[in-house]
Amino acid sequence: LRGLDNSTQEVRLNGISMNSFFRGSPQWSQWGGLNDFTNKGQEFHFGATPFIHVMGGILSQTNIQLRPSQFRDGGKVSQAFSNSSYRYRTQLSYVQTPKEEQIGFGFLVSRRWGEEGYIEGTFYNAWSGAALFEKHWNKKHQTWFTGIYTPNQRGKNAPLTQEVFSLKGRQYNPYWGIQNGKVRNSRVASIQTPMVILNHRWQKNETDYLQLNLSYLWGSQSTSRLGYNGHEIRNGVLSGGAANPDPVYYQYLPSYPLRNEDQQDFGRAYLLEQQLLQDGQLNWDALYRTNLSGSDYALYFLYEDIQKVNRASASIFGTKKISPLFWVRAALDFEQEGATFFAQPTALFGASFLWNYNPYAPSVEAAENNQLSPNEKIGLETPFQYHYGIQTRSLNFSSSIDYAHQGWTSFLGLSMGYRSYLREGYFKNGLYPEASYGNGELQPFLTWGGKVGVSYAITGRHRLELKGQFIQKPPAFKNIFINPREHLFTLPKSTFETNKHLSLSYHWEGIAFTFKTSGYWIHRNNLQEVSYYFADGLGGEEALFVQEITQGIQHQHFGFESVFEYEIVPEFRLAAVVAFGDFRYANNPKLFLGAATKDNSS
């Protein structure tokens, strides 16, 4: 919408913010599969809307209310079929709304599964469950409790270059291969994050209320991948490693022998093309044979990148009508999260152990991933490569005043926020022994924002609206630390992003038709991003792991949207929508590249 990513929308579940500190965007899979409840209890507020509970994101605010009194009594069984991520979805739910002196409750269980989705080798296995309880103590006090658990496991598919896409088609996926007659995917994503929420509302009268929200979320999410760089120290030299098992590694593609115009090997290119066309999948048996043919340590291995999280949240918000013309709203949010990141082997393919060495280190001394445990032999489900934690604290206050009188409605909202990040390293990395273990410096961000809107009803059928927003937003911590797996260094002069948004709308409400058109302008400034990749040849003959840092990014968005609806008869309605937008980078941002080299510089 309007060229904005989902980090610009705020999602709240029973008053609790669900936006991730790691990426800044909400992770919908944390409550996926609860469609009967989440769809019915969902409110969507687009753009610079009047203050609902909090300031909201520059794009939108979505509030999901899960409480039995929001739903109708009764049970439901549904069965859906799909040909995309999963094949089947079964869902059972039952709700009993709270009655006088009785507790209301709701239960939902669903499963989504499939041995293969639309893309080859992508299995899906997800369970979802929710338990809701609600008690009305009297006409003024209500308490409700929500418990959610939605474990999800799925096989991933690879992004394809145009060369591979042209040869193998859109359903091709190089991440899987046949092992013991069954499809096995090397990239499996898993998420298990239970969550409990407790809410209490004091409804003083029809307009005034105060609501307290408490929640706790814990669990983990992981993604697996193949490692092929098992090394050992032999005669004082780091040695080992194996061939890349990826069937679409660039050196296995037919374009590779043709890269030099003066020395093109068409015969080799033809053989590589036929090999990819006839097979092109992982060879799991070859990984076992390679490991069993050498020494006891693993050259090939399967491992997971894991994030474990514990997040406690508390918020309180309320509304008071101070006169027939004015309403005041306010909210206070506090969140504290501890996130731990590490890698661990899950399969050694016949080997006995794995050395905890960094094969890309410039020297033997620097190769220790953890100098606190030198020459460590790693077994299954043991942290290796990296191990660190990020502590996040967030405090936000927001308030607004609304006015309505004789065709005029307006609102003015202000917010202030504080967020801090602190990295703690649990490994003493050989590349950065003085800057990896222990606590780094606190990274604090103090922000503020505001929004204003004026609406005037020219007549009962014609209305004009002018709205504006200014929101400062702290960066997600993935865009603060240069490479937290190895060291505690942060981006130089890291700062918050600023967002400005203006919109003008005209709304015509006819008897059988409605028409609305809007024009908007959005400017985003001081965005920063951190990316990672391996670069062959960037360091001469070396393959370097590069951190790409982009700072000071500006985005500019403008456009208009119009919608027309006409009710031909009560059973039939004609609708038309048109939207035009121009979204572009508005400047040439700063670019930094960082990598560990032979002299251990960056």
# chains A, B, ... in the order shown; residues from 1 in each chain; ligands from 1
>>> residues_around(residues="Ser29 (chain A)", least_positions_apart="4", cutoff="9 Å", atoms="only C-alpha atoms", output="number ranges by chain")
A: 33, 150-152, 191
>>> residues_around(residues="region 234-246 of chain A", least_positions_apart="2", cutoff="9 Å", atoms="only C-alpha atoms", output="PDB file with N, CA and C atoms, in the first residue's frame")
ATOM      1  N   PRO A 174      16.063 -25.806  -5.543  1.00  0.00           N
ATOM      2  CA  PRO A 174      17.300 -26.587  -5.375  1.00  0.00           C
ATOM      3  C   PRO A 174      17.580 -26.989  -3.931  1.00  0.00           C
ATOM      4  N   TYR A 175      16.745 -26.610  -2.985  1.00  0.00           N
ATOM      5  CA  TYR A 175      17.032 -26.883  -1.580  1.00  0.00           C
ATOM      6  C   TYR A 175      16.772 -28.339  -1.171  1.00  0.00           C
ATOM      7  N   LEU A 226      22.633 -25.923   5.091  1.00  0.00           N
ATOM      8  CA  LEU A 226      23.791 -26.813   4.972  1.00  0.00           C
ATOM      9  C   LEU A 226      25.085 -26.048   5.166  1.00  0.00           C
ATOM     10  N   GLY A 227      25.985 -26.643   5.922  1.00  0.00           N
ATOM     11  CA  GLY A 227      27.346 -26.137   6.028  1.00  0.00           C
ATOM     12  C   GLY A 227      28.284 -27.063   5.290  1.00  0.00           C
ATOM     13  N   TYR A 228      29.264 -26.516   4.600  1.00  0.00           N
ATOM     14  CA  TYR A 228      30.210 -27.343   3.840  1.00  0.00           C
ATOM     15  C   TYR A 228      31.644 -26.889   4.066  1.00  0.00           C
ATOM     16  N   ASN A 229      31.871 -26.223   5.201  1.00  0.00           N
ATOM     17  CA  ASN A 229      33.193 -25.653   5.450  1.00  0.00           C
ATOM     18  C   ASN A 229      33.785 -26.157   6.763  1.00  0.00           C
ATOM     19  N   GLY A 230      33.510 -27.428   7.109  1.00  0.00           N
ATOM     20  CA  GLY A 230      34.170 -27.985   8.276  1.00  0.00           C
ATOM     21  C   GLY A 230      35.679 -28.011   8.096  1.00  0.00           C
ATOM     22  N   HIS A 231      36.414 -27.464   9.070  1.00  0.00           N
ATOM     23  CA  HIS A 231      37.876 -27.358   8.995  1.00  0.00           C
ATOM     24  C   HIS A 231      38.518 -27.934  10.249  1.00  0.00           C
ATOM     25  N   GLU A 232      39.808 -28.219  10.124  1.00  0.00           N
ATOM     26  CA  GLU A 232      40.629 -28.611  11.260  1.00  0.00           C
ATOM     27  C   GLU A 232      41.957 -27.879  11.172  1.00  0.00           C
ATOM     28  N   VAL A 248      22.735 -25.052  -7.768  1.00  0.00           N
ATOM     29  CA  VAL A 248      22.757 -23.855  -8.617  1.00  0.00           C
ATOM     30  C   VAL A 248      23.830 -22.875  -8.159  1.00  0.00           C
ATOM     31  N   TYR A 249      24.865 -23.375  -7.500  1.00  0.00           N
ATOM     32  CA  TYR A 249      26.046 -22.553  -7.224  1.00  0.00           C
ATOM     33  C   TYR A 249      26.573 -22.027  -8.561  1.00  0.00           C
ATOM     34  N   TYR A 252      28.477 -23.990 -11.092  1.00  0.00           N
ATOM     35  CA  TYR A 252      27.872 -25.174 -11.694  1.00  0.00           C
ATOM     36  C   TYR A 252      26.893 -24.809 -12.810  1.00  0.00           C
ATOM     37  N   GLY A 280      19.701 -31.551 -10.879  1.00  0.00           N
ATOM     38  CA  GLY A 280      19.569 -30.246 -10.242  1.00  0.00           C
ATOM     39  C   GLY A 280      19.079 -30.280  -8.818  1.00  0.00           C
ATOM     40  N   GLN A 281      19.199 -31.428  -8.109  1.00  0.00           N
ATOM     41  CA  GLN A 281      18.757 -31.505  -6.715  1.00  0.00           C
ATOM     42  C   GLN A 281      19.921 -31.877  -5.805  1.00  0.00           C
ATOM     43  N   LEU A 282      19.752 -31.654  -4.506  1.00  0.00           N
ATOM     44  CA  LEU A 282      20.784 -32.002  -3.534  1.00  0.00           C
ATOM     45  C   LEU A 282      21.043 -33.512  -3.534  1.00  0.00           C
ATOM     46  N   ASN A 283      22.311 -33.876  -3.369  1.00  0.00           N
ATOM     47  CA  ASN A 283      22.692 -35.279  -3.277  1.00  0.00           C
ATOM     48  C   ASN A 283      23.057 -35.579  -1.823  1.00  0.00           C
ATOM     49  N   LEU A 287      26.898 -36.370   0.607  1.00  0.00           N
ATOM     50  CA  LEU A 287      27.364 -35.689   1.816  1.00  0.00           C
ATOM     51  C   LEU A 287      27.826 -36.715   2.851  1.00  0.00           C
ATOM     52  N   THR A 290      31.194 -38.357   1.720  1.00  0.00           N
ATOM     53  CA  THR A 290      32.353 -37.482   1.912  1.00  0.00           C
ATOM     54  C   THR A 290      32.779 -37.463   3.369  1.00  0.00           C
ATOM     55  N   LEU A 299      32.962 -32.468   7.453  1.00  0.00           N
ATOM     56  CA  LEU A 299      33.146 -31.478   6.396  1.00  0.00           C
ATOM     57  C   LEU A 299      31.781 -30.873   6.029  1.00  0.00           C
ATOM     58  N   TYR A 300      30.783 -31.749   5.891  1.00  0.00           N
ATOM     59  CA  TYR A 300      29.411 -31.313   5.648  1.00  0.00           C
ATOM     60  C   TYR A 300      28.605 -31.476   6.931  1.00  0.00           C
ATOM     61  N   TYR A 357      35.635 -23.804  14.381  1.00  0.00           N
ATOM     62  CA  TYR A 357      36.573 -22.882  13.739  1.00  0.00           C
ATOM     63  C   TYR A 357      35.848 -22.053  12.680  1.00  0.00           C
ATOM     64  N   PRO A 359      36.302 -20.904   9.115  1.00  0.00           N
ATOM     65  CA  PRO A 359      37.152 -21.237   7.964  1.00  0.00           C
ATOM     66  C   PRO A 359      37.579 -20.013   7.150  1.00  0.00           C
ATOM     67  N   ALA A 361      38.658 -17.186   8.521  1.00  0.00           N
ATOM     68  CA  ALA A 361      39.552 -16.357   9.312  1.00  0.00           C
ATOM     69  C   ALA A 361      40.896 -16.193   8.614  1.00  0.00           C
ATOM     70  N   SER A 363      43.844 -16.079   9.940  1.00  0.00           N
ATOM     71  CA  SER A 363      44.960 -16.763  10.591  1.00  0.00           C
ATOM     72  C   SER A 363      44.410 -17.837  11.514  1.00  0.00           C
ATOM     73  N   VAL A 364      45.289 -18.744  11.942  1.00  0.00           N
ATOM     74  CA  VAL A 364      44.881 -19.801  12.864  1.00  0.00           C
ATOM     75  C   VAL A 364      44.431 -19.210  14.192  1.00  0.00           C
ATOM     76  N   ALA A 367      40.959 -17.996  14.044  1.00  0.00           N
ATOM     77  CA  ALA A 367      39.957 -18.956  13.588  1.00  0.00           C
ATOM     78  C   ALA A 367      39.049 -19.448  14.715  1.00  0.00           C
TER      79      ALA A 367
END
>>> select_by_dssp(residues="region 72-298 of chain A", states="helix (DSSP H, G or I)", output="MDAnalysis selection string")
chainID A and resid 162:168 250:252 256:258 266:278 284:293
>>> closest_residue(among="A:Thr346, A:Ala48, A:Gln27, A:Val569", to="Tyr520 (chain A)", atoms="only C-alpha atoms")
A:Ala48
>>> residues_around(residues="region 159-171 of chain A", least_positions_apart="4", cutoff="9 Å", atoms="only C-alpha atoms", output="list in words")
Tyr118, Ile119, Glu120, Val248, Leu253, Pro254, Ser255, Glu273, Leu276, Leu277 and Gly280 of chain A
>>> residues_around(residues="region 102-106 of chain A", least_positions_apart="2", cutoff="10 Å", atoms="only C-alpha atoms", output="ChimeraX atom specification")
/A:37,66-69,71,73-75,93-100,108,130-137,143-146
>>> atom_distance(atom1="CA of Phe21 (chain A)", atom2="CA of Val328 (chain A)")
29.3 Å
>>> closest_residue(among="A:Phe583, A:Phe341, A:Phe22, A:Tyr297", to="Asp5 (chain A)", atoms="only C-alpha atoms")
A:Phe583
>>> select_by_dssp(residues="region 359-391 of chain A", states="strand (DSSP E or B)", output="PDB file with N, CA and C atoms, in the first residue's frame")
ATOM      1  N   GLU A 368      39.444 -19.239  15.981  1.00  0.00           N
ATOM      2  CA  GLU A 368      38.620 -19.708  17.090  1.00  0.00           C
ATOM      3  C   GLU A 368      37.333 -18.881  17.156  1.00  0.00           C
ATOM      4  N   LYS A 377      35.455 -29.271  20.335  1.00  0.00           N
ATOM      5  CA  LYS A 377      34.732 -30.215  19.500  1.00  0.00           C
ATOM      6  C   LYS A 377      33.233 -30.052  19.760  1.00  0.00           C
ATOM      7  N   ILE A 378      32.487 -29.816  18.699  1.00  0.00           N
ATOM      8  CA  ILE A 378      31.064 -29.520  18.813  1.00  0.00           C
ATOM      9  C   ILE A 378      30.247 -30.753  18.438  1.00  0.00           C
ATOM     10  N   PHE A 384      27.557 -22.992  18.465  1.00  0.00           N
ATOM     11  CA  PHE A 384      28.850 -22.811  17.817  1.00  0.00           C
ATOM     12  C   PHE A 384      28.731 -21.635  16.858  1.00  0.00           C
ATOM     13  N   GLN A 385      29.844 -21.275  16.238  1.00  0.00           N
ATOM     14  CA  GLN A 385      29.950 -20.152  15.313  1.00  0.00           C
ATOM     15  C   GLN A 385      29.743 -18.809  16.013  1.00  0.00           C
ATOM     16  N   TYR A 386      28.590 -18.587  16.637  1.00  0.00           N
ATOM     17  CA  TYR A 386      28.330 -17.316  17.314  1.00  0.00           C
ATOM     18  C   TYR A 386      27.330 -17.551  18.432  1.00  0.00           C
ATOM     19  N   HIS A 387      27.333 -16.649  19.404  1.00  0.00           N
ATOM     20  CA  HIS A 387      26.407 -16.752  20.526  1.00  0.00           C
ATOM     21  C   HIS A 387      26.373 -15.387  21.224  1.00  0.00           C
ATOM     22  N   TYR A 388      25.245 -14.718  21.156  1.00  0.00           N
ATOM     23  CA  TYR A 388      25.134 -13.388  21.766  1.00  0.00           C
ATOM     24  C   TYR A 388      23.678 -13.110  22.103  1.00  0.00           C
ATOM     25  N   GLY A 389      23.452 -12.055  22.872  1.00  0.00           N
ATOM     26  CA  GLY A 389      22.106 -11.659  23.248  1.00  0.00           C
ATOM     27  C   GLY A 389      21.901 -10.174  23.043  1.00  0.00           C
ATOM     28  N   ILE A 390      20.656  -9.778  22.827  1.00  0.00           N
ATOM     29  CA  ILE A 390      20.280  -8.375  22.706  1.00  0.00           C
ATOM     30  C   ILE A 390      19.168  -8.102  23.719  1.00  0.00           C
ATOM     31  N   GLN A 391      19.418  -7.137  24.604  1.00  0.00           N
ATOM     32  CA  GLN A 391      18.400  -6.699  25.554  1.00  0.00           C
ATOM     33  C   GLN A 391      17.767  -5.411  25.036  1.00  0.00           C
TER      34      GLN A 391
END
>>> residues_around(residues="Leu214 (chain A)", least_positions_apart="2", cutoff="9 Å", atoms="only C-alpha atoms", output="list in words")
Gly15, Ile16, Val196, Ile197, Leu198, Asn199, Leu212, Tyr216, Ala312, Ser313, Ala314, Ser315 and Ile316 of chain A
>>> closest_residue(among="A:Asn358, A:Gln70, A:Gln344, A:Ser25", to="Thr382 (chain A)", atoms="only C-alpha atoms")
A:Gln344
